[in-house]
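*Asks:* Quick one: the structure is below, questions incoming.
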Amino acid sequence: MELIVKGHSGYQIDIVREGNDLYVYKRCSDADKATRLMRQAAKQEQATTHRHTGFQTPHILAAEQNGDNASIKMEYIYSRNFMEYFESAGFEQIDYFIHTLIRYIEEELALSPLQTIDTRIVTDKFSSVEKTVNTNPHIRKDERLANIMEKSKRLLTGINEWKMPIGICHGDLTFSNILFTANTYYLIDFLDSFIESPLLDIVKLRQDSAHIWSAKLYTKPYDPIRLGIICQKIDSELDTYFQRYDWYKGYYRPLQVLNLLRVLQYAKEDAIIDDLETEISKLLYAI
Ligand SMILES: Nc1ncnc2c1ncn2[C@@H]1O[C@H](COP(=O)(O)OP(=O)(O)OP(=O)(O)O)[C@@H](O)[C@H]1O
Ligand SMILES: [Mg+2]
């Protein structure tokens, strides 16, 4: 038996029965993606060695690269996605989920000492995003975009010191990369991050809780009001909790702007582009 699950990043995901067991194969045939997939496998396997309360990671059983082709084989987790979970979860379950997320980030923080990073890591990333935005034919080069780029640049280049916890991060900690079972949560789809900081994981989580990103890519029907209530609860609790850290207070907003610009640079659909520009503007004009 072979089932194909559609991902958004251009990887082919197959669920395959071998004997009595199910496995997931994630494959690609593109040089950049192949390299990324191999690093993902290494990071995911590495994560199974960190003890995280409440989160587990499917084991990688094989990882192979052959030129542009790569594939990884991992345990299949019989699970629900975030939307299915949120649709049926009571507030107590959402509370437990939020506390488990906070504990996960705290466990990453315990392995990530405060360090000052080279400001060019951020400014170079902005310059590369700016270039891609300017050459993306789907993005209208209007005044709104010019204002966004100008204001973002000022925000990011105006910070003279970037001092934050550096060490561990998932790299793409969106709700769509969490699988929900009755007893635990599983993390998949690890990614190298341009800054290996737990702060980047908070940015990715709030990409979903504050900017409702994964829901925009969700293709089945769902209750937007219920999702809105749950996301607002998750978002305000995460934000309130992390306000205790100076690096969060100082860098969350600029890094979320940069994160949404990174999503925008590859966007192709008008509705998504418009939405991203609206979300970035909200952050840029927040007092
Ligand atoms: N180990 C697993 N067990 C069960 N389902 C899985 C597993 N790995 C992946 N999936 C399913 O495949 C989907 C896509 O997986 P993954 O996030 O790794 O790929 P992706 O191409 O990066 O997708 P996206 O861009 O949508 O995040 C998951 O949302 C999940 O439904
Ligand atoms: Mg994914």
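Naming scheme: A, B, ... for chains in displayed order of the structure tokens; residues 1 onward per chain; ligands 1 onward as shown.
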Check every protein, DNA and RNA residue against ligand 2, keep those with an atom at most 12 Å away (counting only C-alpha atoms and all ligand atoms), and present them as a ChimeraX atom specification.

*Replies:* /A:5-13,26,37,40,81-82,170-179,187-191,214,217-218

*Asks:* Mind listing the alpha helix (DSSP H) residues of stretch 128-215 of chain A, per DSSP on the backbone, as a PyMOL selection string?

*Replies:* chain A and resi 128-135+143-157+198-209+213-215

*Asks:* Give me the residues near A:Val257 as a list of chain:residue names, where near means some atom within 9 Å (using only C-alpha atoms) and where sequence neighbours in that chain fewer than 3 positions away do not count.

*Replies:*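 Using only C-alpha atoms, the neighbours found are A:Ser152, A:Leu156, A:Tyr252, A:Arg253, A:Pro254, A:Leu260, A:Leu261, A:Arg262, A:Glu279, A:Ile280, A:Ser281, A:Leu283, A:Leu284.
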
*Asks:* Rank A:Met38, A:Ala70, A:Ile166, A:Ala271 by their smallest atom-to-atom distance to A:Ala110, using only C-alpha atoms, and report the top residue only.

*Replies:* A:Ile166

*Asks:* Select, from A:Gly250, A:Gly67, A:Pro198, A:Pro165, the residue with the minimum atom-to-atom distance to A:Arg103, counting only C-alpha atoms.

*Replies:* A:Pro198

*Asks:* Stretch 44-61 of chain A: which residues within 10 Å, counting only C-alpha atoms, same-chain residues fewer than 6 positions away excluded, as a PyMOL selection string?

*Replies:* chain A and resi 23-25+38+72-77+96-97+99-101+103-108+111+168-170+178-180+183-191

*Asks:* At a cut-off of 12 Å, using only C-alpha atoms, what residues contact A:Ser127? Leave out same-chain residues fewer than 5 positions from it and give the result as a tab-separated table (two decimals) with C-alpha atoms, in the first residue's frame.

*Replies:*
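What landed in around-v5.tsv:
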chain	number	residue	atom	x	y	z
A	120	ARG	CA	25.81	41.03	9.36
A	121	ILE	CA	24.00	37.70	9.86
A	122	VAL	CA	20.79	39.69	10.08
A	132	THR	CA	14.51	37.97	-4.11
A	133	VAL	CA	11.46	40.14	-3.39
A	134	ASN	CA	12.57	42.55	-6.12
A	149	MET	CA	11.00	47.32	2.58
A	150	GLU	CA	12.24	50.73	3.68
A	152	SER	CA	11.93	46.89	7.63
A	153	LYS	CA	15.44	47.83	6.62
A	156	LEU	CA	16.73	45.66	11.24
A	157	THR	CA	19.78	47.84	10.60
A	258	LEU	CA	12.27	39.31	8.71
A	261	LEU	CA	9.57	38.77	4.52
A	262	ARG	CA	11.35	35.45	4.01
A	265	GLN	CA	9.97	36.49	-1.08
